[in-house]
Amino acid sequence: MDDKYFAKKIEAKWQKKWGETEAFRAEIDEERPKFYQLEMLPYPSGNLHMGHVRNYSAGDALAWYKRLKGFNVLHPIGWDSFGQPAEDAAVKRGVDPRQWTEDNINIMRGQLERLGLSYDWSRQMYAHKPEYYKFDQWFFIKMFEMGLAYKRMTQVNWCEHDQATLSNEQASGGICWRCGNPVTKKDLEQWFLKTTAYADQLIDDMDEIEHSWPGNVIKRQRDWIGRSDGAYVDFKIAHQATAGSSDAIRVFTTRIDTIYGANAIVVAAAHSIIDAYRDHLSPEVQAKVAEIAAENLKPRDRDEEIEKDGIATGLKGINPFSGEEIPVWVGNYVMMEYGTGAVMSVPAHDERDFEFAEKFGLPIRQVISEPHLAHEHHTMQALALEDPFTEYGVLVHSDYWNGKTSEVAKAEMANHAREHGFGEAATTYRLRDWGISRQRFWGSPIPIIYCPDCGVVAEKFENLPVCLPESAPITGTGESPLSKVPEFYETTCPKCEGTAHRETDTMDTFVDSSWYFFRYTDPTNEILPFSPEVAAYWTPVDQYIGGDDHAVMHLIYARFWGKVMRDMELVKFDEPVKRLLTQGMVVGETFFDDSSGKRIYSDPREVTVIRDAKGRITEAKNSGGAVLRHAIERMSKSKGNGVDPDEMIEIYGADAARIFIMFAAPIENELVWNEAGIEGGVRFLQRVWRLVHKWESRIANGEPLGAIDESSDAARALRRKTHQSIKRITENFESLQFNTPVAALMELANAVSDIRIEPENADAGEVFAVREALTSLVLMLTPFAPHTAEELYSIVIGNENGMLANGARFPESNEELARADEIEIPVQVNGKLRSRVMAAPGTPNDELERRALTDAKVVEHTHGKTVVKVVVVPDRLVNIVVKG
RNA sequence: GCUGGGGUGGCGGAAUUGGUAGACGCCCAGGACUUAAAAUCCUGUGCCCUUAGGGGCGUACGGGUUCGAUUCCCGUCCCCAGUACCA
């Protein structure tokens, strides 16, 4: 056997073997506990980037760990193969989107295989194949029948750069999720899925996953859904010209308890009341309203502070609680899209209202007091506040409600409003329904037919899939390409069989990724998206791994879809993903040579870098001495700032790349790629390789490890290290840490080299200890470097069939052996470390204290002083407190 | 601004959750092997003082609690992410 480590040779060997034996094929097995390990599926853009490598390496590590722990593991992969880049390629280079997509899939599948990822390839799904998108359509029709899919005219988010419609989630922050350009609005008829029908469940069920999903994702989803509990209150219009009018302005407030402090009603410029009372508005008011309306439409910078603006309309409204008549204003800070487009302005208790009132000199009346000041406030005149008091407190200057707490008053006042017919408790949400219509070719056609007689009719299930035509004129200008293909849209009505035409919009590609992981469980089902019985075995997903950029897109849609599927009785749980891990981005330092317009990756041969104390780059120069501009960017081939995974596999091997990317930083951190570190990965694997080969002749007898009396301190110490490592590494996997177990493996390997006994001189106990250490090391290495581990396992165990076929198991830690027989107890004097004493674990406190006090180094520091106190922490430490 | 998360050597990062700060790796330096280089192995490596033994300082900064604080509390500064008038 070679004593040199040939990554290329062994990687190819084991990849072939795994493929031939279908080593990772998953079948239902009721005897074993199942584990569903899932990573976010890739978009077939052409090449993997280092972010994929990080994501899939982590997922593969867990899949292997669980397999070796005896679980029946489902670890699938597929392709998010519908989407805009395919159409961009068609527009730019005239290629066929289908061909382009499938070529890319082939390239990327090869890359995944060369990384040696342990997928069950037999379960691949492809979003763009009719066998899959048939069920996008199946779900759509079901939702249409359930009233969860509907069509309406709306202002959609429109990205001018991509010529594309975006959902609210995809236009978060007013920025296109794909290209980062600002989003504008456009009027369009859109199909919507009623995500808002599940708003409460999407919030409430988060309790189930609160501790197993990253806090950041939970928080962002809560914020995105934006539930606020409050009340509607109607303020009647009281204008002399409309006396007796029953019109009212309905406001939404979360602080009905502050209503006695309302000094005005402020409405959005687009509020219907403006149109309704246009005749009563002065020309000056009308002009100002038009100005504000126009300002509101302008795209805004993220950080831009907008000054409060507005005008009194001359209309008056009546506060139904106090009977007070207050003015109706138009304000630029009130949005038509949220609540009712009208607010009651309570400057004393709301920052925005406060600012508005100050600017326009409106009265500011305090009606909520801090509890300990409440009594004083009852007896005083209402005072103007320096700053708004926005917290809950006790009501003052509020008639009947005086002295009640905000919490109590909120409930009672909402009730009061309902009883008297001028309002009610209400909950509003920031979440909007999911607009899924896309004027795109490369997506799943929406299975709807427009019939002149029957109206909007869903396609029949038996006619699915509604297939995309071979091709369509793709212009990238925003019209639906399918609307130019008569063979596609000309059809007959499923109801009356008269002439009709099909919907020519396709679905948002996020539909595909909302349920793909259920398809993996039953990938060839032709009747249903998946069989509920089969899915019941594998799902929910036990562990999902991906980037947190999908926190409010994919991950909210997937949860929504899960709830819809539950209501369809396809699944029986509320949450489809039990545990989520979001990995940080892999970024690279990019350098720009502005004189030549070139981008240069941080190759030390090309770029000289000067860094500050924090490691940040202060200056960068190229080999010619010219100053370069630099930035930290997400690594990708298209940006030219990253190594290509293929290149890395070629140079260092897949195992080295994988173990390094896991070791370099905690999985959730951003990782700045640096080439030097990966050498460490190679070195480590080579070190293990040499160790195993060095001991091969003594340990590779294939016999099971039996109990043998240890012969020497060295052997005993090594066994201790082995069992401590097993414990640590197991705990790390369970808590989803990947960098620290690699460190522990390195320590174990170091411990084996450190015994400094030549194999030919080792006694039976030492051989036993080494064999146990190396066997454990190899098995625990598998999740990070499976090819190397398989190869070394075959040497240690003497079986070439591979670990899984051989029933290999992750080693178990023996507490007894992990325990040290002597430990070092640090001794402090006044909290400063002065000495160490050795003691057996469990040595009684008074014995530890005696040894510490008589220790020579300790005496130096306690001599001539009074011992005030001795703190002994069993098996931990002794601290002697002295005075004088 | 608000809401979260964070600040540990030249760098990436450890630290059993109040008990030896800096594991493991990278970088760097010195040495062995070599005609030489590569590879490998060994040694050193938080900062300062000291000939040595050793001592002092040190987890953003300032306080506090404690026998003992990277960890808990209060205040300040800075960084990252999300968000943007959500009533």
# chains A, B, ... in the order shown; residues from 1 in each chain; ligands from 1
$ interface_residues --of "chain B" --to "chain A" --cutoff "8 Å" --atoms "only C-alpha atoms (C1' of nucleotides)" --output "PyMOL selection string"
chain B and resi 4+10-14+19-20+24-26+67-68+82-87
$ select_by_dssp --residues "range 401-449 of chain A" --states "helix (DSSP H, G or I)" --output "PyMOL selection string"
chain A and resi 401+406-419
$ residues_around --residues "U40 in chain B" --least-positions-apart "2" --cutoff "12 Å" --atoms "only C-alpha atoms (C1' of nucleotides)" --output "list of chain:residue names"
A:Lys4, A:Arg683, A:Gln686, A:Arg687, A:Arg690, B:A32, B:C33, B:U34, B:A38, B:C42
$ select_by_dssp --residues "range 139-274 of chain A" --states "strand (DSSP E)" --output "number ranges by chain"
A: 149-159, 164-166, 184-193, 228-237, 248-253, 264-267
$ atom_distance --atom1 "CA of Gln84 in chain A" --atom2 "CA of Arg440 in chain A"
7.9 Å
